[in-house]
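Undergrad: Dropping a structure here in structure tokens format, bear with me for questions.
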Amino acid sequence: MKLFESIQLGKLQLKNHMVMAPMTRSRAVENNTPNELMATYYGQRAGAGLIITEGTSPSPNGIGYPRIPAMYNQHHVDGWKLVTKEVHDKGSKIFLQLMHCGRVAHHLNLPDGAKVLAPSAIIAEGQMFTDAEGMKENDLPEEMTTNEVEEAITEYVDAAKLAIEAGFDGVEIHGANGYLVEQFLNPNSNYRKDDFGGSIHTRSKFLLDIVEQTIEAIGAEKVGVRLSPNGAFNDMSAYPEMEETYDYLSKELNKLGVGYIHLLDHSAMGSTPLPQNVLENIRENYEGTLILCGNFDKESAEKALEENTADLIAFGKTYIANPDLEERFKADAKLNQPDMDTFYTPGEKGYTDYPFMK
Ligand SMILES: Cc1cc2nc3c(=O)[nH]c(=O)nc-3n(C[C@H](O)[C@H](O)[C@H](O)COP(=O)(O)O)c2cc1C
């Protein structure tokens with residue numbers, strides 16, 4: 001099967017077409033620093049051709065959730081080195097997902113001195129878990145000054161450099177799921193009057209500036225971008241120029257030569273589906289590697305590869321529950337079911353204790 005054949009991604013040789021999707025697991029219990037337990041978890045899943053880590057904040061201001069990892073100081077670099085070493089020793093490749101939560105945040109989850117920031121002072125409807133006080137409404141964010149926008153772009157670039165120092169094969173800029181980048185893209189969360197708001201071009205500028213400057217810093221083949229057109233997660237809502245926005249973005253990302261585009265179909269998460277014409281349009285505009293994610297099993301993944309809908313397939317929840325997923329697929333073995341109750345809880349339970357095949 002194509003799924004199990006090796007494939008070239010930029011300068012990297014991946015051992016198969018299977019990608020472990022980025023998934024927040026909230027196990028970075030001390031100062032948002034990765035640890036041995038996280039290294040074990042990722043190492044267990046190194047049968048994937050490529051692992052994309054959980055969303056990792058490039059800034060103290062971007063840590064919306066409790067216990068998510070970060071990448072802005074030497075402790076973070078040293079912690080992540082444990083993870084990259086384990087994954088590389090086991091023969092896989094690994095990209096760091098850079099996720100700034102923006103307004104999907106509560107200040108109780110942020111370190112001292114950090115701020116909940118967003119393109120505009122518009123609250124994201126929804127609740128956020130805090131270790132200190134349980135569920136809380138998302139905070140009303142402060143509107144970023146133009147200076148703060150420029151600073152945030154620099155934070156992404158600096159985090160990408162630290163990622164390379166920590167041994168990562170590249171970074172994925174999280175432009176999906178209603179976090180800071182998508183808060184800029186969507187006109188319903190971006191009322192800005194400066195260069196970063198208004199038209200499709202100016203709303204896209206935040207993402208495209210990050211990508212361009214990150215490419216200058218670490219090289220195009222080491223930079224991927226995740227997008228979820230039409231997604232409604234984290235209070236993103238529909239807007240008339242959606243198709244045009246992703247048409248423009250995919251053309252610009254093609255010009256910049258990003259290493260891959262990673263598209264997420266949100267219908268897998270009970271939300272709005274990725275329209276077929278948007279997917280086809282992106283495939284046409286963008287000549288590089290396309291990763292597709294959302295509710296795939298072995299058969300549907302193979303079909304998408306055979307039909308050339310995508311070049312790589314990412315699996316989310318099935319990788320949480322099945323550390324040896326590719327072995328199970330090869331053997332047509334029964335799959336473990338993921339336990340939602342332990343997705344975000346600290347410790348080994350529901351994290352590193354899913355059984356391997358005998
Ligand atoms: C527990 C959990 C955490 C997730 N965290 C992230 C994340 O940090 N970044 C991201 O881009 N997507 C995240 N996602 C979405 C997944 O990457 C994936 O797109 C989604 O689960 C659909 O794929 P699946 O049907 O194969 O699970 C998360 C999903 C789950 C279940």
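Simple scheme: letters A, B, ... for chains in structure tokens order, numbers from 1 for residues in each chain, numbers from 1 for ligands in the order shown.
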Per residue of chain A within 9 Å of ligand 1, what are the shortest atom pair and its distance in Å to one decimal, counting only C-alpha atoms and all ligand atoms, with rows by chain and residue number, as a Markdown table?
TA:
```
| residue | atom | partner | partner_atom_place_in_ligand_line | distance |
| --- | --- | --- | --- | --- |
| A:Met20 | CA | ligand 1 | 17 (O) | 8.1 |
| A:Ala21 | CA | ligand 1 | 17 (O) | 4.4 |
| A:Pro22 | CA | ligand 1 | 17 (O) | 4.4 |
| A:Met23 | CA | ligand 1 | 5 (N) | 3.3 |
| A:Thr24 | CA | ligand 1 | 5 (N) | 3.8 |
| A:Arg25 | CA | ligand 1 | 1 (C) | 6.1 |
| A:Ile52 | CA | ligand 1 | 17 (O) | 8.7 |
| A:Thr53 | CA | ligand 1 | 8 (O) | 7.5 |
| A:Glu54 | CA | ligand 1 | 8 (O) | 4.2 |
| A:Gly55 | CA | ligand 1 | 8 (O) | 3.8 |
| A:Thr56 | CA | ligand 1 | 8 (O) | 7.4 |
| A:Ile68 | CA | ligand 1 | 8 (O) | 8.7 |
| A:Gln97 | CA | ligand 1 | 9 (N) | 7.2 |
| A:Leu98 | CA | ligand 1 | 9 (N) | 8.7 |
| A:Met99 | CA | ligand 1 | 9 (N) | 7.3 |
| A:His174 | CA | ligand 1 | 11 (O) | 6.0 |
| A:Gly175 | CA | ligand 1 | 11 (O) | 8.1 |
| A:Ala176 | CA | ligand 1 | 11 (O) | 6.4 |
| A:Asn177 | CA | ligand 1 | 11 (O) | 6.7 |
| A:Arg226 | CA | ligand 1 | 11 (O) | 6.8 |
| A:Leu227 | CA | ligand 1 | 11 (O) | 8.4 |
| A:Ser228 | CA | ligand 1 | 11 (O) | 9.0 |
| A:Leu263 | CA | ligand 1 | 19 (O) | 8.5 |
| A:Leu264 | CA | ligand 1 | 19 (O) | 5.6 |
| A:Asp265 | CA | ligand 1 | 22 (C) | 7.2 |
| A:His266 | CA | ligand 1 | 22 (C) | 6.9 |
| A:Ser267 | CA | ligand 1 | 22 (C) | 8.4 |
| A:Ala268 | CA | ligand 1 | 25 (O) | 5.0 |
| A:Met269 | CA | ligand 1 | 22 (C) | 6.1 |
| A:Leu292 | CA | ligand 1 | 19 (O) | 8.9 |
| A:Cys293 | CA | ligand 1 | 23 (O) | 5.4 |
| A:Gly294 | CA | ligand 1 | 23 (O) | 3.8 |
| A:Asn295 | CA | ligand 1 | 25 (O) | 3.2 |
| A:Phe296 | CA | ligand 1 | 26 (O) | 5.6 |
| A:Asp297 | CA | ligand 1 | 26 (O) | 7.9 |
| A:Ala314 | CA | ligand 1 | 26 (O) | 6.6 |
| A:Phe315 | CA | ligand 1 | 26 (O) | 3.9 |
| A:Gly316 | CA | ligand 1 | 27 (O) | 3.5 |
| A:Lys317 | CA | ligand 1 | 27 (O) | 3.9 |
| A:Thr318 | CA | ligand 1 | 26 (O) | 6.2 |
| A:Tyr319 | CA | ligand 1 | 26 (O) | 7.9 |
| A:Ile320 | CA | ligand 1 | 1 (C) | 7.9 |
| A:Pro338 | CA | ligand 1 | 31 (C) | 8.9 |
| A:Met340 | CA | ligand 1 | 1 (C) | 7.4 |
| A:Thr342 | CA | ligand 1 | 1 (C) | 8.7 |
| A:Phe343 | CA | ligand 1 | 1 (C) | 5.0 |
| A:Tyr344 | CA | ligand 1 | 1 (C) | 6.8 |
```
Undergrad: Quick one: pick out all strand (DSSP E or B) residues within range 124-194 of chain A from a backbone DSSP run and write them as a VMD selection string.
TA: chain A and resid 127 to 130 134 to 137 142 to 143 170 to 174
Undergrad: Which parts of range 80-224 of chain A does DSSP call helix (DSSP H, G or I) when run on the backbone here, written out as a ChimeraX atom specification?
TA: /A:80-89,107-109,146-165,180-185,200-218,220-222
Undergrad: Nearest residue to Ile51 in chain A out of A:Cys101, A:Ala333, A:Leu117, A:Leu312, using only C-alpha atoms?
TA: A:Leu312
Undergrad: Which distance in Å separates CA of Tyr179 in chain A and CA of Gln276 in chain A, to one decimal?
TA: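 Between CA of Tyr179 in chain A and CA of Gln276 in chain A the gap is 23.3 Å.
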Undergrad: Please identify all polymer residues within 12 Å of range 192-206 of chain A, counting only C-alpha atoms, omitting same-chain residues fewer than 5 positions from it, and present them as a short mmCIF file (atom, residue, chain, number, x, y, z; two decimals) with all heavy atoms, in the first residue's frame.
TA:
```
data_model
loop_
_atom_site.label_atom_id
_atom_site.label_comp_id
_atom_site.auth_asym_id
_atom_site.auth_seq_id
_atom_site.Cartn_x
_atom_site.Cartn_y
_atom_site.Cartn_z
N ALA A 118 -5.18 39.87 21.02
CA ALA A 118 -5.84 39.44 19.79
C ALA A 118 -5.83 40.61 18.80
O ALA A 118 -5.55 41.75 19.20
CB ALA A 118 -7.28 39.00 20.09
N PRO A 119 -6.17 40.34 17.53
CA PRO A 119 -6.20 41.43 16.55
C PRO A 119 -7.15 42.55 16.98
O PRO A 119 -6.87 43.73 16.76
CB PRO A 119 -6.72 40.76 15.28
CG PRO A 119 -6.53 39.30 15.47
CD PRO A 119 -6.47 39.03 16.94
N SER A 120 -8.29 42.17 17.56
CA SER A 120 -9.26 43.16 18.03
C SER A 120 -9.80 42.72 19.38
O SER A 120 -9.71 41.54 19.73
CB SER A 120 -10.43 43.28 17.04
OG SER A 120 -9.96 43.67 15.78
N ALA A 121 -10.37 43.68 20.11
CA ALA A 121 -10.88 43.36 21.46
C ALA A 121 -12.27 42.74 21.34
O ALA A 121 -13.29 43.35 21.69
CB ALA A 121 -10.91 44.62 22.31
N ILE A 122 -12.32 41.53 20.79
CA ILE A 122 -13.59 40.80 20.63
C ILE A 122 -13.42 39.45 21.33
O ILE A 122 -12.47 38.72 21.03
CB ILE A 122 -13.91 40.55 19.13
CG1 ILE A 122 -13.90 41.87 18.36
CG2 ILE A 122 -15.23 39.83 18.98
CD1 ILE A 122 -13.87 41.68 16.85
N GLU A 143 -6.69 44.55 22.33
CA GLU A 143 -6.30 44.70 20.92
C GLU A 143 -4.81 44.95 20.83
O GLU A 143 -4.28 45.83 21.51
CB GLU A 143 -7.07 45.86 20.30
CG GLU A 143 -6.61 46.14 18.88
CD GLU A 143 -7.49 47.13 18.13
OE1 GLU A 143 -8.71 47.12 18.32
OE2 GLU A 143 -6.91 47.90 17.34
N MET A 144 -4.12 44.17 20.00
CA MET A 144 -2.68 44.34 19.85
C MET A 144 -2.36 45.68 19.18
O MET A 144 -3.02 46.05 18.20
CB MET A 144 -2.10 43.21 18.98
CG MET A 144 -2.26 41.84 19.60
SD MET A 144 -2.01 40.51 18.39
CE MET A 144 -0.26 40.22 18.56
N THR A 145 -1.35 46.37 19.68
CA THR A 145 -0.86 47.53 18.95
C THR A 145 -0.10 47.02 17.73
O THR A 145 0.27 45.84 17.68
CB THR A 145 0.12 48.35 19.82
OG1 THR A 145 1.26 47.50 20.11
CG2 THR A 145 -0.53 48.78 21.13
N THR A 146 0.16 47.89 16.76
CA THR A 146 0.91 47.44 15.57
C THR A 146 2.27 46.92 16.01
O THR A 146 2.77 45.92 15.49
CB THR A 146 1.04 48.60 14.56
OG1 THR A 146 -0.28 49.07 14.26
CG2 THR A 146 1.73 48.14 13.28
N ASN A 147 2.84 47.59 17.00
CA ASN A 147 4.13 47.14 17.56
C ASN A 147 4.05 45.72 18.11
O ASN A 147 4.94 44.90 17.91
CB ASN A 147 4.51 48.08 18.70
CG ASN A 147 5.93 48.56 18.52
OD1 ASN A 147 6.64 48.05 17.64
ND2 ASN A 147 6.34 49.50 19.36
N GLU A 148 2.96 45.47 18.83
CA GLU A 148 2.78 44.12 19.42
C GLU A 148 2.59 43.05 18.33
O GLU A 148 3.00 41.91 18.50
CB GLU A 148 1.60 44.11 20.39
CG GLU A 148 1.97 44.72 21.74
CD GLU A 148 0.76 44.94 22.66
OE1 GLU A 148 -0.37 45.13 22.15
OE2 GLU A 148 0.96 44.95 23.89
N VAL A 149 1.97 43.45 17.21
CA VAL A 149 1.83 42.50 16.10
C VAL A 149 3.21 42.17 15.55
O VAL A 149 3.56 41.00 15.35
CB VAL A 149 0.92 43.08 14.98
CG1 VAL A 149 0.84 42.11 13.81
CG2 VAL A 149 -0.47 43.38 15.52
N GLU A 150 4.01 43.20 15.35
CA GLU A 150 5.38 42.97 14.83
C GLU A 150 6.18 42.11 15.82
O GLU A 150 6.93 41.23 15.41
CB GLU A 150 6.11 44.31 14.60
CG GLU A 150 5.44 45.23 13.59
CD GLU A 150 5.62 44.79 12.13
OE1 GLU A 150 6.28 43.75 11.90
OE2 GLU A 150 5.08 45.47 11.24
N GLU A 151 5.99 42.39 17.11
CA GLU A 151 6.71 41.59 18.12
C GLU A 151 6.29 40.13 18.07
O GLU A 151 7.11 39.23 18.20
CB GLU A 151 6.42 42.14 19.53
CG GLU A 151 7.32 43.29 19.94
CD GLU A 151 6.81 43.99 21.20
OE1 GLU A 151 6.03 43.37 21.97
OE2 GLU A 151 7.16 45.17 21.37
N ALA A 152 4.99 39.90 17.88
CA ALA A 152 4.49 38.52 17.82
C ALA A 152 5.10 37.79 16.62
O ALA A 152 5.48 36.62 16.72
CB ALA A 152 2.97 38.50 17.75
N ILE A 153 5.22 38.48 15.50
CA ILE A 153 5.83 37.85 14.31
C ILE A 153 7.27 37.45 14.65
O ILE A 153 7.70 36.32 14.35
CB ILE A 153 5.79 38.83 13.10
CG1 ILE A 153 4.34 39.07 12.67
CG2 ILE A 153 6.65 38.31 11.94
CD1 ILE A 153 4.14 40.21 11.69
N THR A 154 7.99 38.35 15.30
CA THR A 154 9.37 38.04 15.69
C THR A 154 9.42 36.86 16.66
O THR A 154 10.34 36.04 16.59
CB THR A 154 10.01 39.30 16.34
OG1 THR A 154 9.88 40.37 15.42
CG2 THR A 154 11.48 39.09 16.65
N TYR A 156 7.48 34.26 16.68
CA TYR A 156 7.38 33.02 15.88
C TYR A 156 8.74 32.68 15.26
O TYR A 156 9.16 31.53 15.27
CB TYR A 156 6.37 33.18 14.74
CG TYR A 156 4.92 32.97 15.11
CD1 TYR A 156 4.11 34.02 15.53
CD2 TYR A 156 4.33 31.71 15.00
CE1 TYR A 156 2.77 33.83 15.83
CE2 TYR A 156 2.99 31.51 15.29
CZ TYR A 156 2.21 32.58 15.72
OH TYR A 156 0.89 32.39 16.03
N ILE A 173 3.48 26.28 11.24
CA ILE A 173 2.78 27.47 11.74
C ILE A 173 1.29 27.12 11.79
O ILE A 173 0.69 26.79 10.77
CB ILE A 173 3.00 28.69 10.80
CG1 ILE A 173 4.49 28.91 10.49
CG2 ILE A 173 2.34 29.93 11.39
CD1 ILE A 173 5.36 29.24 11.66
N GLY A 175 -2.13 27.86 11.53
CA GLY A 175 -3.02 28.90 11.02
C GLY A 175 -4.47 28.46 11.06
O GLY A 175 -5.33 29.05 10.42
N LEU A 180 -4.49 32.47 17.12
CA LEU A 180 -4.15 33.84 16.74
C LEU A 180 -4.10 34.07 15.22
O LEU A 180 -4.65 35.06 14.74
CB LEU A 180 -2.82 34.27 17.40
CG LEU A 180 -2.46 35.74 17.17
CD1 LEU A 180 -3.49 36.68 17.80
CD2 LEU A 180 -1.07 36.05 17.75
N VAL A 181 -3.42 33.19 14.48
CA VAL A 181 -3.30 33.43 13.04
C VAL A 181 -4.68 33.50 12.39
O VAL A 181 -4.97 34.41 11.61
CB VAL A 181 -2.42 32.34 12.37
CG1 VAL A 181 -2.51 32.44 10.86
CG2 VAL A 181 -0.97 32.45 12.83
N GLU A 182 -5.56 32.54 12.73
CA GLU A 182 -6.89 32.57 12.10
C GLU A 182 -7.72 33.75 12.62
O GLU A 182 -8.60 34.25 11.92
CB GLU A 182 -7.63 31.23 12.29
CG GLU A 182 -8.69 31.05 11.21
CD GLU A 182 -9.55 29.80 11.33
OE1 GLU A 182 -9.35 28.97 12.23
OE2 GLU A 182 -10.47 29.68 10.49
N GLN A 183 -7.44 34.20 13.83
CA GLN A 183 -8.13 35.40 14.34
C GLN A 183 -7.80 36.62 13.46
O GLN A 183 -8.61 37.53 13.32
CB GLN A 183 -7.73 35.66 15.80
CG GLN A 183 -8.26 34.61 16.77
CD GLN A 183 -7.52 34.55 18.08
OE1 GLN A 183 -6.96 35.55 18.56
NE2 GLN A 183 -7.50 33.38 18.70
N PHE A 184 -6.59 36.63 12.87
CA PHE A 184 -6.24 37.68 11.91
C PHE A 184 -6.93 37.44 10.56
O PHE A 184 -7.40 38.37 9.92
CB PHE A 184 -4.72 37.75 11.70
CG PHE A 184 -4.03 38.64 12.69
CD1 PHE A 184 -3.55 38.13 13.90
CD2 PHE A 184 -3.86 39.99 12.44
CE1 PHE A 184 -2.92 38.95 14.83
CE2 PHE A 184 -3.22 40.83 13.35
CZ PHE A 184 -2.76 40.30 14.55
N LEU A 185 -6.97 36.18 10.13
CA LEU A 185 -7.52 35.87 8.79
C LEU A 185 -9.01 36.17 8.69
O LEU A 185 -9.50 36.61 7.65
CB LEU A 185 -7.30 34.39 8.46
CG LEU A 185 -5.87 33.90 8.25
CD1 LEU A 185 -5.85 32.38 8.03
CD2 LEU A 185 -5.22 34.60 7.06
N ASN A 186 -9.74 35.90 9.77
CA ASN A 186 -11.21 35.98 9.73
C ASN A 186 -11.70 37.40 10.06
O ASN A 186 -11.39 37.93 11.13
CB ASN A 186 -11.77 34.96 10.75
CG ASN A 186 -13.27 34.78 10.61
OD1 ASN A 186 -14.01 35.75 10.44
ND2 ASN A 186 -13.72 33.54 10.70
N PRO A 187 -12.47 38.02 9.15
CA PRO A 187 -12.90 39.41 9.38
C PRO A 187 -13.82 39.56 10.59
O PRO A 187 -13.98 40.67 11.10
CB PRO A 187 -13.63 39.78 8.09
CG PRO A 187 -13.99 38.48 7.46
CD PRO A 187 -12.97 37.48 7.88
N VAL A 211 5.48 33.52 7.88
CA VAL A 211 6.03 32.46 7.02
C VAL A 211 7.28 32.97 6.29
O VAL A 211 8.32 32.30 6.28
CB VAL A 211 4.96 31.98 6.00
CG1 VAL A 211 5.57 31.04 4.97
CG2 VAL A 211 3.82 31.28 6.74
N GLU A 212 7.17 34.16 5.73
CA GLU A 212 8.31 34.69 4.96
C GLU A 212 9.55 34.84 5.84
O GLU A 212 10.64 34.41 5.48
CB GLU A 212 7.91 36.04 4.35
CG GLU A 212 8.97 36.57 3.42
CD GLU A 212 8.50 37.79 2.63
OE1 GLU A 212 7.34 38.22 2.79
OE2 GLU A 212 9.31 38.32 1.86
N GLN A 213 9.35 35.41 7.03
CA GLN A 213 10.51 35.65 7.91
C GLN A 213 11.05 34.35 8.51
O GLN A 213 12.24 34.20 8.75
CB GLN A 213 10.15 36.65 9.00
CG GLN A 213 9.87 38.03 8.44
CD GLN A 213 9.49 39.05 9.50
OE1 GLN A 213 9.96 38.99 10.63
NE2 GLN A 213 8.63 39.98 9.14
N TYR A 239 -17.71 33.72 6.62
CA TYR A 239 -17.65 35.06 6.01
C TYR A 239 -17.63 34.89 4.48
O TYR A 239 -17.12 33.89 3.97
CB TYR A 239 -16.45 35.86 6.50
CG TYR A 239 -15.10 35.17 6.39
CD1 TYR A 239 -14.21 35.50 5.37
CD2 TYR A 239 -14.71 34.21 7.31
CE1 TYR A 239 -12.97 34.89 5.28
CE2 TYR A 239 -13.48 33.58 7.23
CZ TYR A 239 -12.62 33.92 6.20
OH TYR A 239 -11.39 33.29 6.11
N PRO A 240 -18.17 35.87 3.76
CA PRO A 240 -18.36 35.69 2.32
C PRO A 240 -17.06 35.49 1.54
O PRO A 240 -17.05 34.78 0.55
CB PRO A 240 -19.06 36.97 1.87
CG PRO A 240 -19.30 37.80 3.07
CD PRO A 240 -18.73 37.12 4.27
N GLU A 241 -15.95 36.09 1.99
CA GLU A 241 -14.70 36.01 1.20
C GLU A 241 -13.85 34.82 1.59
O GLU A 241 -12.65 34.82 1.32
CB GLU A 241 -13.84 37.28 1.36
CG GLU A 241 -14.54 38.57 1.49
CD GLU A 241 -14.89 38.92 2.93
OE1 GLU A 241 -15.71 38.18 3.53
OE2 GLU A 241 -14.35 39.90 3.46
N MET A 242 -14.43 33.80 2.24
CA MET A 242 -13.62 32.67 2.70
C MET A 242 -12.86 32.00 1.55
O MET A 242 -11.64 31.81 1.60
CB MET A 242 -14.51 31.66 3.43
CG MET A 242 -13.78 30.52 4.10
SD MET A 242 -13.39 29.17 3.01
CE MET A 242 -15.01 28.47 2.74
N GLU A 243 -13.59 31.68 0.47
CA GLU A 243 -12.94 30.95 -0.63
C GLU A 243 -11.83 31.77 -1.25
O GLU A 243 -10.75 31.26 -1.55
CB GLU A 243 -13.98 30.59 -1.70
CG GLU A 243 -14.97 29.55 -1.20
CD GLU A 243 -15.84 28.99 -2.31
OE1 GLU A 243 -15.45 29.07 -3.50
OE2 GLU A 243 -16.91 28.49 -1.98
N GLU A 244 -12.11 33.07 -1.43
CA GLU A 244 -11.12 33.97 -2.02
C GLU A 244 -9.88 34.09 -1.13
O GLU A 244 -8.76 34.18 -1.61
CB GLU A 244 -11.78 35.35 -2.14
CG GLU A 244 -11.65 36.00 -3.49
CD GLU A 244 -12.26 37.39 -3.44
OE1 GLU A 244 -13.48 37.48 -3.12
OE2 GLU A 244 -11.54 38.36 -3.66
N THR A 245 -10.13 34.07 0.18
CA THR A 245 -9.02 34.19 1.14
C THR A 245 -8.06 33.01 0.98
O THR A 245 -6.84 33.19 0.89
CB THR A 245 -9.57 34.21 2.59
OG1 THR A 245 -10.43 35.34 2.71
CG2 THR A 245 -8.45 34.30 3.61
N TYR A 246 -8.61 31.79 0.90
CA TYR A 246 -7.74 30.62 0.81
C TYR A 246 -7.16 30.43 -0.59
O TYR A 246 -6.09 29.84 -0.75
CB TYR A 246 -8.46 29.37 1.35
CG TYR A 246 -8.55 29.46 2.86
CD1 TYR A 246 -9.63 30.06 3.48
CD2 TYR A 246 -7.49 29.04 3.65
CE1 TYR A 246 -9.69 30.22 4.86
CE2 TYR A 246 -7.53 29.17 5.03
CZ TYR A 246 -8.63 29.77 5.63
OH TYR A 246 -8.66 29.93 7.00
N ASP A 247 -7.84 31.01 -1.58
CA ASP A 247 -7.27 31.03 -2.93
C ASP A 247 -6.01 31.90 -2.90
O ASP A 247 -4.94 31.48 -3.35
CB ASP A 247 -8.31 31.61 -3.90
CG ASP A 247 -7.79 31.70 -5.32
OD1 ASP A 247 -7.41 30.65 -5.86
OD2 ASP A 247 -7.74 32.82 -5.88
N TYR A 248 -6.15 33.09 -2.33
CA TYR A 248 -5.01 34.01 -2.24
C TYR A 248 -3.88 33.40 -1.41
O TYR A 248 -2.71 33.38 -1.83
CB TYR A 248 -5.49 35.33 -1.61
CG TYR A 248 -4.38 36.29 -1.27
CD1 TYR A 248 -3.63 36.92 -2.28
CD2 TYR A 248 -4.05 36.56 0.07
CE1 TYR A 248 -2.60 37.80 -1.95
CE2 TYR A 248 -3.02 37.43 0.40
CZ TYR A 248 -2.30 38.04 -0.62
OH TYR A 248 -1.27 38.90 -0.30
N LEU A 249 -4.24 32.87 -0.24
CA LEU A 249 -3.21 32.31 0.66
C LEU A 249 -2.43 31.17 0.00
O LEU A 249 -1.21 31.12 0.08
CB LEU A 249 -3.89 31.76 1.92
CG LEU A 249 -4.13 32.73 3.05
CD1 LEU A 249 -4.85 32.01 4.19
CD2 LEU A 249 -2.82 33.34 3.56
N SER A 250 -3.15 30.27 -0.66
CA SER A 250 -2.45 29.12 -1.25
C SER A 250 -1.54 29.56 -2.39
O SER A 250 -0.45 29.01 -2.57
CB SER A 250 -3.43 28.03 -1.68
OG SER A 250 -4.46 28.55 -2.47
N LYS A 251 -1.94 30.59 -3.12
CA LYS A 251 -1.06 31.11 -4.18
C LYS A 251 0.19 31.75 -3.57
O LYS A 251 1.31 31.55 -4.04
CB LYS A 251 -1.81 32.13 -5.04
CG LYS A 251 -2.78 31.47 -6.01
CD LYS A 251 -3.53 32.51 -6.83
CE LYS A 251 -4.46 31.83 -7.83
NZ LYS A 251 -5.63 32.65 -8.16
N GLU A 252 -0.01 32.52 -2.51
CA GLU A 252 1.13 33.19 -1.87
C GLU A 252 2.06 32.18 -1.20
O GLU A 252 3.28 32.30 -1.27
CB GLU A 252 0.63 34.21 -0.83
CG GLU A 252 -0.07 35.40 -1.41
CD GLU A 252 0.79 36.19 -2.40
OE1 GLU A 252 1.91 36.57 -2.04
OE2 GLU A 252 0.34 36.40 -3.54
N LEU A 253 1.49 31.18 -0.56
CA LEU A 253 2.32 30.15 0.10
C LEU A 253 3.09 29.36 -0.96
O LEU A 253 4.22 28.93 -0.73
CB LEU A 253 1.46 29.22 0.97
CG LEU A 253 0.85 29.89 2.21
CD1 LEU A 253 -0.14 28.95 2.90
CD2 LEU A 253 1.93 30.33 3.21
#
```
Undergrad: Could you please determine the separation between CA of Gly43 in chain A and CA of Asp311 in chain A in Å, to one decimal place?
TA: 23.8 Å
